[in-house]
Every structure is written in C-alpha cells, then in structure tokens.
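Working notes for the structure below.
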Amino acid sequence: MPPFFDTKIAVVVREDLAVWQKLNVTAFVVSGVAGTVEGIMGEDYADASGNAYLPMIRQPVLVFAGTSEQLTKVHERALSRDVRMAVYTHELFATGHDEAN
C-alpha cells in the first residue's frame with residue numbers, strides 16, 4: 001500500500017507564462033518550502049553503483065496553472081487560512097538577486 005501523506009505541497013502558476021518560466025517559478029517557490037519546513041526533506045539517495053544523490057521532499061508536490069484572476073483567489077484563500085506561502089511575482093523575472101527583489 002502506498003504511503004499516506006497528511007500534507008501536500010501545492011504550487012500554482014500563471015497559465016500564460018512560458019514553459020521555462022513555469023518551471024523556474026515552481027523551483028523557486030518549492031525551495032521556500034524545502035528551506036523552512038522542518039522534517040520535509042527525505043534521506044540522501046544512493047543508486048546500486050554507490051553514486052550519492054541529494055535528498056528530495058517527502059510529500060507530493062501538486063502543480064496547477066490558472067489565470068491571473070484565479071491566482072488572486074487562491075492567494076486570498078490561502079491568506080484567510082493562514083497558509084504560509086512562497087510567492088514569485090512577475091517583477092522578480094526582471095531582477096537578478098535577492099537585494100533587488
């Protein structure tokens with residue numbers, strides 16, 4: 001029987017972004033979860049040849065796309081439920097580092 005996960009990570013991106021932007025946004029916002037939620041990371045991996053690999057997030061990551069209006073609703077709902085979020089705004093595509101953000 002597959003494991004049961006009491007939590008999941010949901011990523012919601014604007015559907016009108018280029019594919020590379022959707023992937024970039026997904027990676028950035030999931031890094032916010034991975035870097036701040038204790039116990040979310042699994043163990044290091046090793047293959048049959050003994051090559052070592054970094055650990056990955058334990059929970060399922062669900063990725064959704066929606067319109068700007070739908071993302072606004074998702075954001076408002078998350079705020080009303082006190083859900084901790086990582087956000088990546090359109091303006092962040094124009095900056096190259098955290099200080100500029």
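The way I read the labels, and the way they are meant: chains A, B, ... in the order of the structure tokens, residue 1 as the first residue of every chain, and ligand 1 as the first ligand shown, with later ones counted on from there.
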So that I can check the secondary structure, give me every residue of chain A assigned strand (DSSP E) by backbone DSSP, as an MDAnalysis selection string. chainID A and resid 9:14 45:46 52:53 61:66
Report the residues of stretch 69-98 of chain A whose backbone DSSP state falls under helix (DSSP H, G or I), written as an NGL selection string. :A and (69-80 or 90-94 or 98)
I need the residues from that last selection saved to file as a PDB file, in the first residue's frame (with C-alpha atoms), if you can.
```pdb
ATOM      1  CA  GLU A  69      -7.702  36.135 -11.529  1.00  0.00           C
ATOM      2  CA  GLN A  70      -7.660  32.530 -10.331  1.00  0.00           C
ATOM      3  CA  LEU A  71      -4.261  33.036  -8.713  1.00  0.00           C
ATOM      4  CA  THR A  72      -5.622  36.090  -6.897  1.00  0.00           C
ATOM      5  CA  LYS A  73      -8.440  33.946  -5.477  1.00  0.00           C
ATOM      6  CA  VAL A  74      -6.007  31.203  -4.448  1.00  0.00           C
ATOM      7  CA  HIS A  75      -3.804  33.800  -2.754  1.00  0.00           C
ATOM      8  CA  GLU A  76      -6.741  35.346  -0.891  1.00  0.00           C
ATOM      9  CA  ARG A  77      -7.956  31.917   0.237  1.00  0.00           C
ATOM     10  CA  ALA A  78      -4.502  30.944   1.480  1.00  0.00           C
ATOM     11  CA  LEU A  79      -4.174  34.216   3.396  1.00  0.00           C
ATOM     12  CA  SER A  80      -7.589  33.716   5.020  1.00  0.00           C
ATOM     13  CA  HIS A  90       6.098  38.907 -12.288  1.00  0.00           C
ATOM     14  CA  GLU A  91       8.529  41.661 -11.268  1.00  0.00           C
ATOM     15  CA  LEU A  92      11.020  39.073  -9.972  1.00  0.00           C
ATOM     16  CA  PHE A  93      11.746  37.990 -13.572  1.00  0.00           C
ATOM     17  CA  ALA A  94      13.371  41.402 -14.113  1.00  0.00           C
ATOM     18  CA  ASP A  98      17.541  38.994  -3.657  1.00  0.00           C
TER      19      ASP A  98
END
```
If we count only C-alpha atoms, what is near A:Thr26 at a cut-off of 10 Å, once residues fewer than 2 positions away on the same chain are taken out, given as a ChimeraX atom specification? /A:10-13,20-24,28-31,61,63-64,87-88
May I have the residues within 7 Å of stretch 37-45 of chain A as a list in words, using only C-alpha atoms and disregarding those fewer than 3 positions away in the same chain?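 The residues satisfying every condition are Val33, Ala34, Ala52, Tyr53, Leu54, Pro55, Met56, Ile57 and Arg58 of chain A.
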I'd like to know which of A:Pro60, A:Ser68, A:Glu99, A:Val83 is closest to A:Pro2, using only C-alpha atoms.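 Closest residue, counting only C-alpha atoms: A:Pro60.
Note that the spacing between atom CA of A:Ala18 and atom CA of A:Ala65 amounts to 11.7 Å.
If you look at atom CA of A:Arg14 and atom CA of A:Arg81, they are 21.4 Å away from each other.
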Between atom CA of A:Thr36 and atom CA of A:Val19 lies a distance of 26.4 Å
